[in-house]
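Let me begin by presenting the structure, written as structure tokens, before commenting on it.
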Amino acid sequence: MNIISLGFILFLLAAVLIYYLTPGKVQWVTMLILSIVFYCLAATPYTILFLLFSAGLAYFSGIVMADPENGDALNGFNKKATAVVTIAIVLNVAVWFIMKGSAYWIQLSAWLHAKFSVFPEMKAVPLAAAFGMGYYTCQTIGYIVDCSWGTAKPEKNFFKLFLFLAFFPQLTTGPISRYATLSPQFYAGAKFSIDRIARGSQRILWGFFKKLVIAERVSIVVNAVYGDPASYTGLWTWVAALLYPVQIYTDFSGSVDVVLGAAELFGITLPENFNNPFFSQTSQEFWQRWHMSLGNWAKDYIMYPVLKSKKVVSLTKNVKKKFGKRASKIASLAIGVFCTWFVMGVWHGNYKFIVGCSIWYWLVMLTYEILGPSLSKLNKMLHVREESFGWITFRRIRTYIIYTLSMVFFRSDGISEAINMLKRMFAALTPSASNVWIFIDGSLYKAGLTKFDFTIIFAGIIALMIVAVLREKYGYARNWIAEQGLAFRWIIWIALFACVIVYGEYGPGYHSADFIYAGF
Amino acid sequence: MKKAISTIAFLLLVALVTVSLSNLLRDKTSRNGKSEYFNAKTEFDALYFGASRMHEAIDPIYIWNNYGISSYNLASAGESIQVTYFVVKEALEHSDPKVVFVDSAIIGDVKDDINCGYGYVHQSIDALPLNENKLEAIKYAGQFFDGGMLAFISPLYAYHNRYENLTKDDFVANYNYDKGAYMLSTFRQVEGISEYTDEAETLKGGDGTVYLTKILDLCKEKGIQCVLVDVPVPGHMFNDKRQRRMNALKKLTKEHGGAYMGLNERDADIDIDYDYDFGDSVHLNYLGGNKTADKLAEYMINELKIEDHRNDPVYAEPWTEDVQKYKVQRLERVAEQVDAVSYMNWLGGEDYTYTMYVTDKSLLLTQYAMDYCMENFDIKVIEDPEQEVTGNYDMKIEVRRSSDGEFAAKQFFQYDYNGKIYMKAE
């Protein structure tokens, strides 16, 4: 079941009704049953066994690590905990690697087989892909590590732990939740409130708008250009490349809005995944505002442990002694960022992400760290006012373009296709290849979108920007709208609803693209 | 309490907006063409069903004017026989005709195949009242298209993206008064039929033949004569494969108590002129259509003894009123015709006289079928090389009512030297 569908809305309606008819104390049981039903409707039912396996590992690890006296986590590492944590994580990652990371070993074996025929060519496991495995594997690992660190109390009830992993709104596109913040919310006993239902619905509606009105529309032109390089030459490559971040943002954040809004209907607050990423002035800031739950997860469970490890600490100390404080800072950043980015790239499940995301952003951030002080000096010399609107806008555009180039790898079928696309993009900037007229002679409207479609996209982007500004100021645009008079509020929400049902790309003759982030 | 009331008010408003948008955006083809039938108070002697070949061939108003037979055309473009079955079933709940003519155009013989496009199904069934039969139709059609039943139940789901194609007709109800027919006034020269075969293919019992049988059985059950009509087509459409299919369907129809009217057959007693009787490469125009209508009327009078109702006030009063409305509407829509010949043919020669102001008289007869107009209509041609009357155009046609000489319409045309045709000037 796609979460941007009528089926999901009907499921949610039924779920809300059943949930609030259940007494507060056992609402979590209702939610668990609803989640299992959703899983069976949305995915190949038997793949729930993977989820059960992951939950079982987490449960067993927690029990082993629990203090026999009071049930709390044993504070700090001991041999037993280390062994359990290691085995559980390895098993979880192994299952993930076999199922979701199959591209790595399939492609590698194909490459080796082509070079040296003695290597066998491996094929994918003949099992259906597990639903949401990328997300719940992270949550499982987070829980196990938290227990071992003593920051989470091991759960004694397997079903409660299972609910933390299987909570249905987050199964499709995340966000990646933490046990300590999510789990207690299931037992708080939510009471029915019209305000809560309204706020949750508002967020769901906004998610539908982003996904159906903007993302799906933009995808038409992006798919046309990527799908037919012979016809779409020159600046077409830039049209697609620059629009793709809009598509992926509205697609991913739109689906996350639906997830967060759906959770809100049940009185459950999930972590935010986006915080106006395109307002970022640097790539580092960008990744603190984009896919935040994955970034934070990688930071907490990968970067910090690596930086705190004995070997890295002694290494940076040595660098400090030999080359000074700044070199040590760069070295520690290089190691930390590399590990974080490597894991984040690998999580996406294909070599192209390791190149396009991990290596690219590692280089970008390292370059920025190395050249940063010199650039600041240069700015001072040139009397650049760093707080001026123009300079801030320049930095935002620069961050956007860096992301655009990275996303060429994300969108392309493979590494060589991405490099090809980048070559074509840069070739298009030469005067002889730059077909500027496509923006004037109406060619732009021959890639599947009409002039009116482009107007809708443009208006949609303006709406996104207004909401982003309101969000910076009021926490949520919804907070600001809620403060307005009744007529204004009703007009806003009804107009948004009308836009979704009229301008949304759905229905016959239209094949809804899967969520870009639903495959992980 | 206050909150509950305001929530209900808000939800009602949302529902109102949804319904309004749904009505605005839905395709009106089916409603405009068929609503008149489902709301009609008159009785019908005959009904015509099927795809575009029937839709564009049989003009119930022509049949009424010439034979006094009350009938309605419920055919619809691209309609496969499976969909026709549901339309027939519904139509027979609303009147009690003596005969049902069914088009043989789209009768596939493949299992689990609807054999027609999604939009066509909408045009066929949208106007049917929502009841068990329509839901059955939706259930059947739903299995072949994305969105399933929802694609036919919710007009918004199906048509929400029509926002760029809305016209005045979407805002103001504009029902057709042509009794369901869609007569072409264009001309197209086509090839005739050159070879015939008497052999028949072996039917495999695909969905199309199953539903044809259902129609025949339904009519038999209700005591209504069902006639499968193979409407005249150009030669290229009546190839060997098609003829074998038709011969097989003819046999099937007769086995189930129906009659078969093969108007493309070697011995078909119909004088089709392949130079002038077609409106495009597939369909008859109104000249060919009226010849077909004559055959159907002949069958109704001779075989079924259907009487002329022109002197029966129960029939004649509503029909006279409807014919009048139809004439007014035709005049209103004449400007939609794109070339000079179809412009004049749309109105016909009975009620109007035409004055043509042309810059060059010698170009006149270069347009295909203009000679037909010149011979059959009351036309006065005035050569006006200085364009004093026509202005910047190559031709102006002025239409007056024959009865009183009152001005009725006018239109400007430009001569397209490549196509040798007078096209409507923008």
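Please note that chains go A, B, ... in the order of the structure tokens, that every chain numbers its residues from 1, and that ligands are numbered from 1 in the order shown.
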Do a neighbour search on Leu212 in chain A at 10 Å with only C-alpha atoms, toss out local chain neighbours closer than 6 positions, and write the hits as a list of chain:residue names.
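Non-adjacent residues within range: A:Ile4, A:Ser5, A:Trp206, A:Val218, A:Thr250, A:Asp251, A:Gly254, A:Cys499, A:Val500, A:Ile501, A:Tyr503, A:Gly504, A:Glu505, A:Tyr506, A:Ser512.
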Per residue of chain B within 9 Å of chain A, note the shortest atom pair and the distance in Å to one decimal, counting only C-alpha atoms, and order the rows by chain and increasing residue number, as CSV.
```
residue,atom,partner,partner_atom,distance
B:Lys3,CA,A:Ile194,CA,7.9
B:Ala4,CA,A:Ile194,CA,8.0
B:Thr7,CA,A:Ile194,CA,8.1
B:Phe10,CA,A:Trp490,CA,7.4
B:Leu13,CA,A:Ile494,CA,8.2
B:Val14,CA,A:Ile494,CA,6.4
B:Val17,CA,A:Ala498,CA,7.5
B:Thr18,CA,A:Ala498,CA,7.4
B:Leu21,CA,A:Val502,CA,7.9
B:Leu25,CA,A:Val502,CA,8.6
B:Tyr118,CA,A:Pro508,CA,8.2
B:Phe145,CA,A:Pro508,CA,7.4
B:Asp146,CA,A:Pro508,CA,5.5
B:Gly147,CA,A:Pro508,CA,6.2
B:Ala151,CA,A:Pro508,CA,6.6
B:Leu156,CA,A:Ile501,CA,7.5
B:Tyr157,CA,A:Gly507,CA,5.4
B:Ala158,CA,A:Gly507,CA,5.9
B:Tyr159,CA,A:Gly507,CA,8.2
B:His160,CA,A:Val502,CA,4.9
B:Asn161,CA,A:Val502,CA,6.2
B:Arg162,CA,A:Val502,CA,8.5
B:Tyr163,CA,A:Val502,CA,7.4
B:Glu164,CA,A:Phe452,CA,7.9
```
Within 7 Å of range 42-46 of chain A, counting only C-alpha atoms, which residues show up once you throw out same-chain ones fewer than 3 positions away? Write them as number ranges by chain, please.
A: 1, 38-39, 49, 128, 131
Exercise: Tyr393 in chain B partners within 12 Å, only C-alpha atoms, chain neighbours under 5 positions left out, as a count of residues only:
21
Kindly give the distance, in Å, that separates CA of Met237 in chain B and CA of Thr253 in chain B, rounded to a single decimal.
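If I compute the distance from CA of Met237 in chain B to CA of Thr253 in chain B, I get 21.2 Å.
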I need the strand (DSSP E or B) residues of range 209-302 of chain B per DSSP on the backbone, written as a PyMOL selection string.
chain B and resi 225-230+259-262+278+284
Selected residues written out, C-alpha atoms, as a compact mmCIF listing (two decimals), in the first residue's frame:
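The resulting file, selection-v8.txt, is shown below:
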```
# COMPACT_ATOMS: atom_id res chain seq x y z
CA GLN B 225 -36.23 -8.10 -32.00
CA CYS B 226 -32.46 -7.69 -31.97
CA VAL B 227 -30.70 -6.91 -35.22
CA LEU B 228 -26.93 -7.02 -35.54
CA VAL B 229 -26.01 -4.39 -38.12
CA ASP B 230 -22.78 -4.30 -40.05
CA ALA B 259 -31.50 -10.94 -37.24
CA TYR B 260 -28.41 -9.87 -39.16
CA MET B 261 -28.15 -6.94 -41.52
CA GLY B 262 -24.89 -7.09 -43.44
CA PHE B 278 -18.02 8.93 -46.03
CA LEU B 284 -20.19 7.42 -42.96
```
Contacts of range 165-173 of chain B at 10 Å or less, counting only C-alpha atoms, minus same-chain residues fewer than 3 places along, as a compact mmCIF listing (two decimals) with C-alpha atoms, in the first residue's frame?
```
# COMPACT_ATOMS: atom_id res chain seq x y z
CA ASN B 23 -19.21 18.11 -11.62
CA LEU B 24 -17.13 20.79 -13.24
CA LEU B 25 -14.25 18.56 -14.30
CA ARG B 26 -16.12 15.45 -15.38
CA ASP B 27 -16.39 14.72 -19.08
CA LYS B 28 -19.87 15.72 -20.24
CA ARG B 31 -24.38 13.14 -20.13
CA ASN B 32 -24.95 15.53 -23.02
CA ASN B 161 -6.72 16.65 -14.95
CA ARG B 162 -9.20 18.11 -17.42
CA ASN B 176 -27.54 17.74 -27.21
```
Residues of range 226-272 of chain A in helix (DSSP H, G or I), written as a PyMOL selection string
chain A and resi 226-227+236-265
The selected residues should be written to file as an mmCIF file, in the first residue's frame (atoms: C-alpha atoms).
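That gives us again-v2.cif:
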```
data_model
loop_
_atom_site.group_PDB
_atom_site.id
_atom_site.type_symbol
_atom_site.label_atom_id
_atom_site.label_comp_id
_atom_site.auth_asym_id
_atom_site.auth_seq_id
_atom_site.Cartn_x
_atom_site.Cartn_y
_atom_site.Cartn_z
ATOM 1 C CA TYR A 226 17.260 10.970 -18.176
ATOM 2 C CA GLY A 227 15.377 8.420 -20.261
ATOM 3 C CA TRP A 236 18.068 20.040 -21.086
ATOM 4 C CA THR A 237 20.561 18.206 -18.873
ATOM 5 C CA TRP A 238 20.628 21.186 -16.521
ATOM 6 C CA VAL A 239 16.852 21.496 -16.534
ATOM 7 C CA ALA A 240 16.586 17.886 -15.328
ATOM 8 C CA ALA A 241 19.546 18.032 -12.965
ATOM 9 C CA LEU A 242 18.434 21.261 -11.287
ATOM 10 C CA LEU A 243 14.831 20.114 -11.000
ATOM 11 C CA TYR A 244 15.709 16.726 -9.553
ATOM 12 C CA PRO A 245 16.513 18.074 -6.054
ATOM 13 C CA VAL A 246 13.043 19.678 -6.084
ATOM 14 C CA GLN A 247 11.555 16.329 -7.026
ATOM 15 C CA ILE A 248 13.434 14.327 -4.431
ATOM 16 C CA TYR A 249 12.766 16.914 -1.708
ATOM 17 C CA THR A 250 9.032 17.149 -2.349
ATOM 18 C CA ASP A 251 8.796 13.405 -2.815
ATOM 19 C CA PHE A 252 10.713 12.415 0.294
ATOM 20 C CA SER A 253 9.680 15.228 2.611
ATOM 21 C CA GLY A 254 6.106 14.953 1.321
ATOM 22 C CA SER A 255 5.931 11.293 2.246
ATOM 23 C CA VAL A 256 7.550 12.033 5.598
ATOM 24 C CA ASP A 257 4.886 14.724 6.173
ATOM 25 C CA VAL A 258 2.258 12.055 5.596
ATOM 26 C CA VAL A 259 4.056 9.716 8.013
ATOM 27 C CA LEU A 260 4.467 12.369 10.710
ATOM 28 C CA GLY A 261 0.898 13.590 10.207
ATOM 29 C CA ALA A 262 -0.409 10.021 10.410
ATOM 30 C CA ALA A 263 1.531 9.432 13.639
ATOM 31 C CA GLU A 264 0.192 12.724 14.987
ATOM 32 C CA LEU A 265 -3.361 11.441 14.524
#
```
